[in-house]
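Asker: Input file: model_16.cif. Contents: mmCIF, C-alpha atoms.
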data_model
#
loop_
_atom_site.label_atom_id
_atom_site.label_comp_id
_atom_site.auth_asym_id
_atom_site.auth_seq_id
_atom_site.Cartn_x
_atom_site.Cartn_y
_atom_site.Cartn_z
CA MET A 1 20.20 -21.80 -0.61
CA ILE A 2 16.86 -22.99 0.73
CA THR A 3 17.27 -25.69 3.39
CA GLN A 4 14.86 -28.40 4.51
CA ALA A 5 14.26 -26.42 7.70
CA ASP A 6 13.26 -23.38 5.60
CA LEU A 7 10.77 -25.49 3.68
CA LEU A 8 9.32 -26.88 6.91
CA ILE A 9 8.91 -23.35 8.32
CA LEU A 10 7.27 -22.20 5.08
CA ALA A 11 4.91 -25.18 5.11
CA GLY A 12 4.01 -24.45 8.74
CA SER A 13 3.44 -20.77 7.92
CA GLY A 14 1.23 -21.74 4.99
CA LEU A 15 -0.83 -23.97 7.25
CA ALA A 16 -1.13 -21.17 9.81
CA VAL A 17 -2.27 -18.75 7.09
CA GLY A 18 -4.93 -21.21 5.91
CA LEU A 19 -6.24 -21.78 9.43
CA LEU A 20 -6.22 -18.04 10.17
CA VAL A 21 -8.28 -17.25 7.06
CA LEU A 22 -10.70 -20.07 7.94
CA PHE A 23 -11.00 -18.66 11.46
CA LEU A 24 -11.75 -15.16 10.13
CA ALA A 25 -14.36 -16.54 7.72
CA LEU A 26 -16.01 -18.51 10.53
CA MET A 27 -16.01 -15.34 12.65
CA GLY A 28 -18.26 -13.83 10.00
CA PHE A 29 -15.76 -11.50 8.32
CA ARG A 30 -16.88 -12.42 4.80
CA ARG A 31 -19.37 -9.81 3.73
CA ASN A 32 -19.32 -8.93 0.05
CA GLY A 33 -19.67 -5.30 -0.98
CA LYS A 34 -22.88 -4.60 -2.86
CA LEU A 35 -24.00 -1.48 -4.70
CA GLU A 36 -27.65 -1.12 -3.76
CA THR A 37 -28.55 2.25 -5.27
CA GLU A 38 -27.36 4.82 -7.81
CA ALA A 39 -26.98 7.31 -4.96
CA GLU A 40 -24.40 4.97 -3.42
CA VAL A 41 -22.49 4.87 -6.72
CA ILE A 42 -22.46 8.67 -6.92
CA ALA A 43 -21.33 8.96 -3.30
CA LEU A 44 -18.41 6.56 -3.88
CA ILE A 45 -17.27 8.37 -7.03
CA GLN A 46 -17.55 11.78 -5.40
CA ALA A 47 -15.66 10.57 -2.35
CA HIS A 48 -12.87 9.62 -4.76
CA GLU A 49 -12.90 13.00 -6.50
CA PRO A 50 -14.89 15.69 -4.67
CA GLY A 51 -17.11 17.84 -6.83
CA VAL A 52 -17.05 15.67 -9.94
CA MET A 53 -20.35 15.53 -11.85
CA VAL A 54 -21.71 11.98 -12.24
CA GLY A 55 -24.40 11.03 -14.76
CA ASP A 56 -25.78 8.20 -16.85
CA ILE A 57 -25.15 5.47 -14.29
CA GLY A 58 -25.34 1.81 -15.23
CA ARG A 59 -25.41 -0.71 -12.37
CA ASP A 60 -24.75 -4.43 -12.37
CA ARG A 61 -27.94 -6.34 -11.56
CA ARG A 62 -26.21 -8.23 -8.72
CA GLY A 63 -24.71 -5.01 -7.36
CA ASN A 64 -21.10 -6.10 -7.99
CA ALA A 65 -20.16 -3.14 -10.14
CA ALA A 66 -21.37 0.05 -11.76
CA GLY A 67 -20.17 2.60 -14.26
CA ALA A 68 -20.96 6.17 -15.16
CA ARG A 69 -20.00 9.06 -17.37
CA LEU A 70 -18.47 12.09 -15.70
CA GLY A 71 -19.21 15.72 -16.43
CA ASP A 72 -15.70 16.33 -17.81
CA GLY A 73 -15.97 13.54 -20.41
CA ARG A 74 -14.14 10.89 -18.39
CA PHE A 75 -15.68 7.66 -17.19
CA ALA A 76 -15.92 6.00 -13.80
CA VAL A 77 -16.35 2.43 -12.63
CA VAL A 78 -16.96 1.11 -9.15
CA ARG A 79 -16.39 -2.54 -8.35
CA ALA A 80 -16.91 -4.56 -5.20
CA VAL A 81 -13.64 -5.84 -3.73
CA ALA A 82 -14.11 -8.02 -0.64
CA ASP A 83 -16.32 -6.00 1.73
CA GLY A 84 -15.50 -2.66 0.09
CA PHE A 85 -15.28 -0.97 -3.28
CA ALA A 86 -12.56 0.16 -5.69
CA VAL A 87 -13.26 3.24 -7.77
CA ARG A 88 -11.51 4.19 -11.01
CA LEU A 89 -11.90 7.42 -12.94
CA PHE A 90 -10.41 7.08 -16.41
CA THR A 91 -10.25 8.20 -20.01
CA ALA A 92 -10.86 5.96 -23.01
CA ALA A 93 -7.09 5.82 -23.58
CA GLN A 94 -6.72 3.82 -20.37
CA VAL A 95 -9.02 1.09 -21.65
CA ARG A 96 -7.74 -1.85 -23.71
CA SER A 97 -11.09 -3.01 -25.03
CA VAL A 98 -14.82 -2.86 -24.48
CA ALA A 99 -16.93 -5.83 -25.54
CA LEU A 100 -20.72 -5.64 -25.54
CA ARG A 101 -22.80 -8.84 -25.48
CA ARG A 102 -26.30 -10.02 -24.69
CA ARG A 103 -26.68 -12.98 -22.36
CA ALA A 104 -30.26 -14.25 -22.11
CA GLY A 105 -31.42 -10.82 -23.13
CA THR A 106 -29.34 -9.03 -20.49
CA PRO A 107 -26.90 -6.41 -21.82
CA VAL A 108 -23.39 -7.27 -20.63
CA ALA A 109 -20.27 -5.11 -20.97
CA ILE A 110 -16.76 -6.49 -20.51
CA ILE A 111 -14.26 -3.68 -19.99
CA ARG A 112 -10.55 -4.50 -20.06
CA PHE A 113 -8.21 -1.93 -18.55
CA SER A 114 -4.53 -1.43 -19.27
CA ASP A 115 -3.83 -1.50 -15.51
CA VAL A 116 -2.80 -4.97 -14.26
CA GLY A 117 -4.12 -3.98 -10.82
CA PHE A 118 -7.66 -3.59 -12.16
CA PRO A 119 -8.69 -6.77 -14.00
CA ALA A 120 -11.40 -6.98 -16.66
CA LEU A 121 -14.74 -5.83 -15.32
CA THR A 122 -17.99 -7.54 -16.36
CA ILE A 123 -21.18 -5.61 -15.81
CA ALA A 124 -24.54 -7.35 -16.47
CA PHE A 125 -26.81 -4.32 -16.46
CA ASP A 126 -30.05 -4.13 -14.52
CA ARG A 127 -31.90 -2.67 -17.52
CA ALA A 128 -32.99 -3.75 -21.00
CA ASP A 129 -30.50 -1.61 -22.96
CA PHE A 130 -26.88 -0.61 -22.65
CA PRO A 131 -26.46 2.72 -20.89
CA PRO A 132 -25.20 5.37 -23.35
CA TRP A 133 -21.86 5.76 -21.53
CA VAL A 134 -20.87 2.18 -22.40
CA GLU A 135 -21.52 2.77 -26.09
CA ALA A 136 -19.58 6.03 -25.86
CA LEU A 137 -16.69 4.32 -24.07
CA ARG A 138 -16.53 1.56 -26.69
CA HIS A 139 -16.50 4.12 -29.46
CA ALA A 140 -13.88 6.28 -27.74
CA ALA A 141 -11.69 3.28 -26.85
CA ARG A 142 -11.68 2.16 -30.49
CA SER A 143 -10.54 5.53 -31.71
CA ALA A 144 -8.07 6.18 -28.86
CA MET B 1 31.54 -10.07 21.28
CA ASP B 2 29.66 -11.68 18.42
CA ALA B 3 25.99 -11.70 17.47
CA PRO B 4 24.31 -12.95 20.66
CA PHE B 5 21.92 -15.27 18.79
CA ASP B 6 20.93 -16.47 15.33
CA ILE B 7 19.38 -13.29 13.94
CA SER B 8 17.74 -15.13 11.07
CA LEU B 9 15.29 -16.52 13.64
CA ILE B 10 13.89 -13.13 14.74
CA ILE B 11 11.04 -13.04 12.22
CA THR B 12 10.48 -16.81 12.35
CA LEU B 13 10.09 -16.74 16.12
CA ALA B 14 7.77 -13.74 15.90
CA VAL B 15 5.32 -15.50 13.57
CA PRO B 16 3.43 -17.42 16.32
CA LEU B 17 3.02 -14.12 18.21
CA PHE B 18 1.67 -12.52 15.01
CA VAL B 19 -0.91 -15.30 14.66
CA VAL B 20 -2.07 -15.01 18.29
CA LEU B 21 -2.37 -11.21 18.06
CA ILE B 22 -4.30 -11.33 14.76
CA ILE B 23 -6.79 -13.72 16.40
CA ALA B 24 -7.02 -11.43 19.44
CA GLU B 25 -7.57 -8.33 17.28
CA ALA B 26 -10.23 -10.06 15.18
CA VAL B 27 -12.08 -11.18 18.32
CA ALA B 28 -11.85 -7.64 19.73
CA VAL B 29 -13.27 -6.20 16.50
CA ARG B 30 -16.09 -8.76 16.54
CA LEU B 31 -16.85 -7.69 20.12
CA GLY B 32 -17.10 -4.04 19.06
CA ALA B 33 -13.57 -2.62 19.18
CA ARG B 34 -12.66 -0.12 16.46
CA GLY B 35 -11.36 -1.90 13.37
CA ARG B 36 -12.40 -3.74 10.24
CA TYR B 37 -11.64 -7.25 9.03
CA ASP B 38 -12.46 -9.14 5.87
CA ALA B 39 -11.41 -12.76 5.36
CA GLN B 40 -10.66 -12.32 1.62
CA ASP B 41 -8.59 -9.19 2.16
CA ALA B 42 -6.76 -10.86 5.06
CA ALA B 43 -6.10 -13.91 2.87
CA ALA B 44 -4.51 -11.65 0.25
CA SER B 45 -2.38 -9.88 2.87
CA LEU B 46 -1.23 -13.13 4.46
CA ALA B 47 -0.46 -14.63 1.03
CA MET B 48 1.70 -11.58 0.31
CA GLY B 49 3.47 -12.11 3.65
CA LEU B 50 4.11 -15.77 2.86
CA GLY B 51 5.33 -14.86 -0.63
CA ASN B 52 7.63 -12.27 0.94
CA ARG B 53 9.26 -15.02 3.02
CA VAL B 54 9.72 -17.19 -0.09
CA ALA B 55 11.11 -14.27 -2.11
CA GLY B 56 13.35 -13.37 0.83
CA LEU B 57 14.86 -16.85 0.90
CA LEU B 58 15.49 -16.69 -2.84
CA THR B 59 16.92 -13.16 -2.97
CA VAL B 60 18.49 -12.49 0.41
CA GLY B 61 21.82 -13.61 -1.07
CA ILE B 62 21.90 -10.44 -3.17
CA LYS B 63 21.62 -8.22 -0.10
CA LEU B 64 24.08 -10.27 1.96
CA GLY B 65 26.56 -10.39 -0.91
CA VAL B 66 26.50 -6.61 -1.33
CA PHE B 67 26.73 -5.98 2.43
CA LEU B 68 29.63 -8.39 2.90
CA ALA B 69 31.46 -6.88 -0.08
CA LEU B 70 30.91 -3.37 1.27
CA SER B 71 32.08 -4.39 4.74
CA GLN B 72 35.56 -4.89 3.28
CA PHE B 73 35.71 -1.12 2.77
CA ALA B 74 34.32 -0.15 6.19
CA LEU B 75 35.80 2.99 7.77
CA PHE B 76 35.78 1.55 11.29
CA ASP B 77 35.74 -1.90 12.87
CA ILE B 78 32.82 -1.39 15.24
CA PRO B 79 32.52 -4.11 17.92
CA TRP B 80 29.34 -5.54 19.49
CA ALA B 81 29.06 -3.38 22.61
CA TRP B 82 26.28 -1.49 24.43
CA TRP B 83 27.26 1.83 22.86
CA SER B 84 27.46 0.41 19.33
CA LEU B 85 24.05 -1.25 19.79
CA VAL B 86 22.53 2.12 20.73
CA LEU B 87 24.21 3.86 17.81
CA CYS B 88 23.25 1.12 15.36
CA PHE B 89 19.62 1.20 16.52
CA LEU B 90 19.48 4.95 15.85
CA ALA B 91 21.35 4.70 12.54
CA GLU B 92 19.19 1.80 11.32
CA ASP B 93 16.02 3.68 12.19
CA LEU B 94 17.27 6.78 10.38
CA ALA B 95 18.18 4.64 7.33
CA TYR B 96 14.67 3.15 7.45
CA TYR B 97 13.13 6.64 7.50
CA TRP B 98 14.98 7.65 4.32
CA PHE B 99 14.32 4.32 2.62
CA HIS B 100 10.64 4.60 3.45
CA ARG B 101 10.36 8.24 2.38
CA THR B 102 12.11 7.49 -0.89
CA ALA B 103 9.90 4.43 -1.39
CA HIS B 104 6.95 6.84 -1.45
CA GLU B 105 8.61 9.55 -3.51
CA ARG B 106 10.33 7.52 -6.26
CA ARG B 107 8.40 5.11 -8.43
CA TRP B 108 11.24 2.54 -8.70
CA PHE B 109 11.01 1.85 -4.97
CA TRP B 110 7.25 2.55 -4.79
CA ALA B 111 6.68 -0.32 -7.25
CA SER B 112 7.71 -2.68 -4.43
CA HIS B 113 6.37 -0.73 -1.47
CA VAL B 114 2.91 -0.07 -2.95
CA VAL B 115 2.08 -3.69 -2.10
CA HIS B 116 2.10 -2.82 1.60
CA HIS B 117 -0.36 0.03 1.07
CA SER B 118 -2.67 -1.76 -1.35
CA SER B 119 -5.26 -2.91 1.20
CA GLN B 120 -8.21 -0.70 2.04
CA HIS B 121 -8.19 -2.31 5.46
CA TYR B 122 -5.89 -1.42 8.33
CA ASN B 123 -5.39 -4.27 10.75
CA LEU B 124 -2.59 -6.56 11.87
CA THR B 125 -2.81 -8.64 8.68
CA THR B 126 -2.05 -5.47 6.69
CA ALA B 127 1.35 -5.39 8.39
CA LEU B 128 2.17 -8.70 6.73
CA ARG B 129 1.16 -7.53 3.24
CA GLN B 130 4.76 -7.21 2.08
CA THR B 131 6.58 -6.90 -1.21
CA TRP B 132 8.13 -9.78 -3.15
CA THR B 133 10.55 -7.56 -5.06
CA GLY B 134 12.28 -5.49 -2.36
CA ASP B 135 15.73 -7.12 -2.60
CA LEU B 136 15.51 -7.35 -6.40
CA SER B 137 14.92 -3.59 -6.63
CA ALA B 138 17.92 -2.98 -4.32
CA SER B 139 15.94 -1.34 -1.52
CA PHE B 140 18.77 -2.41 0.78
CA VAL B 141 21.08 0.32 -0.59
CA PHE B 142 19.67 2.65 2.08
CA TRP B 143 21.39 0.56 4.74
CA ALA B 144 24.71 0.43 2.85
CA PRO B 145 26.10 3.56 4.60
CA LEU B 146 25.83 1.75 7.94
CA ILE B 147 27.98 -1.09 6.62
CA LEU B 148 30.47 1.40 5.17
CA ILE B 149 30.71 3.18 8.52
CA GLY B 150 31.62 -0.17 10.04
CA PHE B 151 28.59 -1.55 11.86
CA PRO B 152 28.66 -5.36 11.68
CA VAL B 153 26.34 -6.72 8.95
CA GLU B 154 24.56 -8.96 11.48
CA MET B 155 23.94 -6.02 13.82
CA VAL B 156 22.34 -4.00 11.04
CA LEU B 157 20.19 -6.96 9.95
CA MET B 158 19.20 -7.60 13.57
CA PHE B 159 17.86 -4.06 14.11
CA SER B 160 16.20 -4.18 10.70
CA ALA B 161 14.34 -7.34 11.77
CA PHE B 162 13.45 -5.85 15.17
CA SER B 163 12.07 -2.78 13.39
CA LEU B 164 9.91 -4.98 11.17
CA VAL B 165 8.56 -6.86 14.20
CA TYR B 166 7.88 -3.56 16.05
CA GLN B 167 5.99 -2.20 13.06
CA PHE B 168 3.66 -5.20 13.07
CA PHE B 169 2.10 -3.95 16.33
CA ILE B 170 1.26 -0.49 15.01
CA HIS B 171 -0.98 -1.72 12.18
CA THR B 172 -4.16 -1.57 14.19
CA GLU B 173 -7.20 0.61 14.74
CA THR B 174 -8.06 -1.02 18.06
CA ILE B 175 -5.46 1.08 19.93
CA ASP B 176 -6.18 4.79 19.99
CA ARG B 177 -3.34 6.92 21.46
CA LEU B 178 -0.40 5.98 23.68
CA GLY B 179 -0.03 9.15 25.76
CA PRO B 180 3.48 10.61 26.05
CA LEU B 181 4.90 7.78 23.90
CA GLU B 182 3.28 9.55 20.93
CA TRP B 183 6.07 12.14 21.12
CA VAL B 184 8.88 9.66 20.63
CA LEU B 185 7.60 6.43 19.12
CA ASN B 186 5.85 5.60 15.89
CA THR B 187 2.46 4.53 17.23
CA PRO B 188 -0.72 3.04 15.76
CA SER B 189 -2.15 6.57 15.53
CA HIS B 190 0.87 7.95 13.66
CA HIS B 191 0.99 4.99 11.32
CA ARG B 192 -2.74 5.16 10.55
CA VAL B 193 -2.01 8.62 9.15
CA HIS B 194 0.77 7.15 7.03
CA HIS B 195 -1.58 4.55 5.51
CA ALA B 196 -4.34 7.07 4.83
CA THR B 197 -5.33 8.48 1.45
CA ASN B 198 -7.04 11.56 2.90
CA PRO B 199 -5.30 14.43 1.04
CA LYS B 200 -4.19 16.10 4.27
CA TYR B 201 -2.45 12.91 5.39
CA LEU B 202 -0.50 12.21 2.17
CA ASP B 203 3.32 11.99 2.35
CA ALA B 204 3.57 11.83 6.12
CA ASN B 205 4.88 9.77 9.04
CA TYR B 206 7.56 7.63 7.40
CA ALA B 207 9.12 6.53 10.69
CA GLY B 208 10.00 2.97 11.57
CA VAL B 209 10.33 2.96 15.36
CA LEU B 210 11.07 6.58 16.32
CA ILE B 211 8.64 9.26 15.12
CA VAL B 212 11.27 11.88 15.98
CA TRP B 213 12.66 11.62 12.43
CA ASP B 214 9.37 12.87 10.98
CA ARG B 215 9.25 15.68 13.52
CA LEU B 216 12.86 16.55 12.62
CA PHE B 217 12.46 16.44 8.83
CA GLY B 218 9.03 18.11 8.68
CA THR B 219 6.95 15.12 7.57
CA PHE B 220 4.98 14.61 10.79
CA ILE B 221 1.18 14.92 10.75
CA GLN B 222 -1.04 14.32 13.78
CA GLU B 223 -4.10 12.07 13.40
CA GLU B 224 -7.23 14.23 13.48
CA GLU B 225 -9.96 13.18 11.02
CA ARG B 226 -10.66 9.48 10.52
CA PRO B 227 -8.25 7.96 7.97
CA SER B 228 -9.40 6.32 4.78
CA TYR B 229 -6.96 3.55 3.86
CA GLY B 230 -5.44 2.28 0.63
CA ILE B 231 -3.82 3.97 -2.34
CA ILE B 232 -4.97 6.79 -4.62
CA SER B 233 -6.02 4.30 -7.33
CA ASN B 234 -7.17 1.35 -5.28
CA LEU B 235 -6.68 -2.12 -6.73
CA GLY B 236 -9.67 -3.96 -8.12
CA THR B 237 -8.24 -7.36 -7.24
CA LEU B 238 -7.15 -9.62 -4.39
CA ASN B 239 -4.96 -11.79 -6.65
CA PRO B 240 -1.50 -11.87 -4.94
CA PHE B 241 0.37 -11.91 -8.26
CA ARG B 242 -1.47 -8.84 -9.54
CA ILE B 243 -0.85 -7.14 -6.18
CA ALA B 244 2.86 -7.99 -6.31
CA PHE B 245 3.57 -6.90 -9.86
CA HIS B 246 0.94 -4.36 -10.95
CA GLU B 247 3.14 -1.29 -10.51
CA TRP B 248 6.09 -2.97 -12.25
CA ALA B 249 3.75 -3.78 -15.13
CA GLY B 250 2.65 -0.14 -15.09
CA ILE B 251 6.26 1.02 -15.35
CA ALA B 252 6.86 -1.38 -18.26
CA ARG B 253 3.72 -0.14 -20.02
CA ASP B 254 4.76 3.48 -19.58
CA LEU B 255 8.30 2.78 -20.79
CA LEU B 256 6.91 1.31 -24.00
CA SER B 257 5.17 4.62 -24.66
CA ALA B 258 8.13 6.82 -23.60
CA ARG B 259 9.43 9.13 -26.34
CA SER B 260 12.56 10.58 -24.73
CA LEU B 261 15.19 9.94 -22.06
CA ARG B 262 13.42 12.52 -19.89
CA GLU B 263 10.20 10.50 -20.08
CA ILE B 264 12.05 7.25 -19.33
CA GLY B 265 13.65 8.86 -16.28
CA GLY B 266 10.35 10.36 -15.15
CA TYR B 267 8.44 7.12 -15.46
CA VAL B 268 11.05 5.10 -13.56
CA PHE B 269 12.50 7.51 -11.01
CA GLY B 270 9.93 10.31 -10.89
CA PRO B 271 7.32 10.46 -8.17
CA PRO B 272 4.45 7.95 -8.44
CA GLY B 273 1.75 9.53 -10.60
CA TRP B 274 4.22 11.49 -12.72
CA SER B 275 3.35 11.81 -16.40
CA PRO B 276 4.96 13.95 -19.12
CA ASP B 277 1.72 15.78 -19.91
CA GLY B 278 0.59 16.11 -16.30
CA SER B 279 -2.56 14.09 -16.99
CA ARG B 280 -1.95 11.99 -13.88
CA LYS B 281 -1.49 13.41 -10.42
CA THR B 282 1.29 12.90 -7.90
CA SER B 283 0.45 12.86 -4.19
CA ALA B 284 2.12 16.27 -3.81
CA GLN B 285 -0.19 17.70 -6.50
CA ILE B 286 -3.25 16.11 -4.89
CA LYS B 287 -2.28 17.57 -1.54
CA ALA B 288 -1.61 21.01 -3.07
CA ALA B 289 -5.04 20.96 -4.78
CA TRP B 290 -6.67 20.04 -1.46
CA LYS B 291 -4.85 22.89 0.30
CA ALA B 292 -5.95 25.33 -2.42
CA ARG B 293 -9.59 24.16 -2.12
CA ARG B 294 -9.40 24.53 1.65
CA GLN B 295 -8.00 28.07 1.38
CA VAL B 296 -10.79 29.07 -1.00
CA GLY B 297 -13.33 27.53 1.38
CA THR B 298 -11.85 29.41 4.34
CA ALA B 299 -11.84 32.70 2.37
CA LEU B 300 -15.49 32.26 1.38
CA GLU B 301 -16.44 31.46 4.99
CA GLY B 302 -14.60 34.61 6.08
CA ARG B 303 -16.58 36.76 3.60
CA ARG B 304 -19.90 35.24 4.72
CA SER B 305 -19.18 36.02 8.37
#
Could you quickly redo this structure as structure tokens?
Answerer:
Amino acid sequence: MITQADLLILAGSGLAVGLLVLFLALMGFRRNGKLETEAEVIALIQAHEPGVMVGDIGRDRRGNAAGARLGDGRFAVVRAVADGFAVRLFTAAQVRSVALRRRAGTPVAIIRFSDVGFPALTIAFDRADFPPWVEALRHAARSA
Amino acid sequence: MDAPFDISLIITLAVPLFVVLIIAEAVAVRLGARGRYDAQDAAASLAMGLGNRVAGLLTVGIKLGVFLALSQFALFDIPWAWWSLVLCFLAEDLAYYWFHRTAHERRWFWASHVVHHSSQHYNLTTALRQTWTGDLSASFVFWAPLILIGFPVEMVLMFSAFSLVYQFFIHTETIDRLGPLEWVLNTPSHHRVHHATNPKYLDANYAGVLIVWDRLFGTFIQEEERPSYGIISNLGTLNPFRIAFHEWAGIARDLLSARSLREIGGYVFGPPGWSPDGSRKTSAQIKAAWKARRQVGTALEGRRS
């Protein structure tokens, strides 16, 4: 049974956590990861799986995410998480849905994965058209 | 002799020390010491730690109930004495080693433990990134033999709490090596290897306090190249609820697609990364592939020279 003392300790711990996070933010530990170049995207994917061929890269215009098609037919996405990046290499079967939209002329892909630990990824591309890998992924995900 | 103090206070009393040391480590990193901090990642880790305390209060009754029931069948009535404290410390640390090793090798226990490894950072806040589902998944069964032998329940819980507090200190990059202590104790260097995803470091250094268990059971690896932290498939989120339950959701998803008892067993109790068609990779397979690549590389170098 949870006592009043337990609740007080929890409340105090919660306050300490809040102050600690504020302290870290004020210390300047709040840099957001940003994908500046396609070379950076390739390097991150190849660090995840050495030797894999990466092509047809599509990058988010704000540098938050990127995707690519791999030489073996799989796909890869890279997303900024805090000051780093999370990389996923996947097949179409691991994707729940791919929605393609245009927002003010910008091609936007919303990719939903079946993994709860990798939430839906929105990529507003830094180009006029959708990169071919997104179209291929949507097609493959529909038929998977 | 009874428990010398209220053992439930061990973690509570350690919290202020944790806060002070996190501040000290962050300042050291800002001043140039080795290490990496991010406020958002730290917030997620600390939220997991807070959630672990809440979950602990709600579920500790399960563990206590099982331990007290088992204590009725204890082989011996071991008293609180200096010799029993020494024995219990060793036995608890050995139990932790096997719990921890199994938590990496069996998906049922990994689903809880993965939370602790889900940060790509390695600092003192990572130590507090703890599971919410440990008691619910019966992780405590690894300590049941100690109760059945006859160690007092409070003594076992006391050393378990001390071990947890000790392990807080080793989640840091700011301390390099600790000289001769590296032979006996689990140190920051040894534990960095444990948190690394570099193929050569996978499945290593499961110790709690004493690294001797890894040396004894063949799972010890020395820190050489710089570790890269996290899990094989790093999370794309800092949402505490997704962190806490993503692997359980993964198990549920896989079970829905299972076509036989063998597949059900593999998905729940097989190694993390197991799949019936081998399309996913376990850490042992990743390590084996790395070793094979290295051997080919060495052979080619040999031919060239």
Asker: Within 6 Å of chain A, which residues of chain B are there when counting all atoms listed in the file? Please give them as a list in words.
Answerer: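 Interface list for chain B against chain A: Tyr37, Asp38, Ala39, Gln40, Ala43, Asn234, Leu235, Gly236, Arg242 and His246 of chain B.
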Asker: Using the chain letters and numbers from this file, what does the PyMOL selection byres ((chain A and resi 129-132) around 7) select? Give the answer as a list in words.
Answerer: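 Output from the PyMOL selection byres ((chain A and resi 129-132) around 7), applied to this file: Asp56, Gly58, Pro107, Arg127, Ala128, Trp133, Val134, Glu135 and Ala136 of chain A.
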Asker: Apply the PyMOL selection byres ((chain B and resi 262-265) around 12) to the displayed file and report the matching residues as a list in words.
Answerer: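 On this input, the PyMOL selection byres ((chain B and resi 262-265) around 12) captures Arg106, Arg107, Trp108, Ile251, Ala252, Arg253, Asp254, Leu255, Leu256, Ser257, Ala258, Arg259, Ser260, Leu261, Gly266, Tyr267, Val268, Phe269, Gly270, Pro271, Trp274, Ser275, Pro276, Asp277 and Gly278 of chain B.
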Asker: At most 10 Å from (12.9, 13.5, 5.2), file frame, all atoms listed in the file: which residues, as a PyMOL selection string?
Answerer: chain B and resi 94+97-102+204-207+213-220
Asker: Compare A:Ala47, A:Ala109, A:Ala65, A:Val98 by their minimum atom-to-atom distance to B:Asn198, counting only C-alpha atoms, and give me the closest one.
Answerer: A:Ala47
Asker: Please compute the atom CA of B:Ile232-atom CA of B:Ala288 distance, one decimal, in Å.
Answerer: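 Computed distance, atom CA of B:Ile232 to atom CA of B:Ala288, equals 14.7 Å.
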Asker: By how many Å are atom CA of B:Asn186 and atom CA of B:Arg294 apart?
Answerer: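 About the pair atom CA of B:Asn186 and atom CA of B:Arg294: they are 28.2 Å apart.
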Asker: Residues at most 9 Å from B:Leu128, counting all atoms listed in the file, excluding those fewer than 3 positions away in the same chain, as a list of chain:residue names?
Answerer: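 That gives B:Ser45, B:Leu46, B:Ala47, B:Met48, B:Gly49, B:Leu50, B:Asn52, B:His116, B:Leu124, B:Thr125, B:Phe168.
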Asker: Between B:Gly32, B:Gly273, B:Gly208, B:Gly56, which is the closest to B:Thr187 once you count only C-alpha atoms?
Answerer: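 Closest to B:Thr187, using only C-alpha atoms: B:Gly208.
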Asker: One decimal, Å: what's the distance from atom CA of B:Phe89 over to atom CA of B:Ser8, could you say?
Answerer: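 Taking atom CA of B:Phe89 as the start and atom CA of B:Ser8 as the end point, the length is 17.3 Å.
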Asker: If the PyMOL selection byres ((chain B and resi 203) around 10) were run on this exact file, what residues would it hold? Put them as a ChimeraX atom specification.
Answerer: /B:101,104-105,193-197,199-202,204-206,219-221,283-284,287
Asker: Adding 6 Å on each side of the box along x, y and z that holds all listed atoms of stretch 135-139 of chain A, could you give its centre and edge lengths in Å to one decimal, as lines of an AutoDock Vina configuration file?
Answerer:
center_x = -19.0
center_y = 3.8
center_z = -26.8
size_x = 17.0
size_y = 16.5
size_z = 17.4
Asker: Nearest to B:Thr237 among B:Asp41, B:Glu25, B:Asp135, B:Asp6, with distances taken over all atoms listed in the file: which residue is it?
Answerer: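 Ranking B:Asp41, B:Glu25, B:Asp135, B:Asp6 by distance to B:Thr237, first place goes to B:Asp41.
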Asker: Select, from A:Val95, A:Ile111, A:Ile42, A:Ala124, the residue with the minimum atom-to-atom distance to A:Arg69, counting all atoms listed in the file.
Answerer: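 Of all the options, A:Ile42 lies closest to A:Arg69.
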Asker: Could you give me, as a PyMOL selection string, the residues that sit within 8 Å of (-4.3, -3.4, 1.6) in the file's coordinates, counting only C-alpha atoms?
Answerer: chain B and resi 41+45+115-122+126+129+229-230
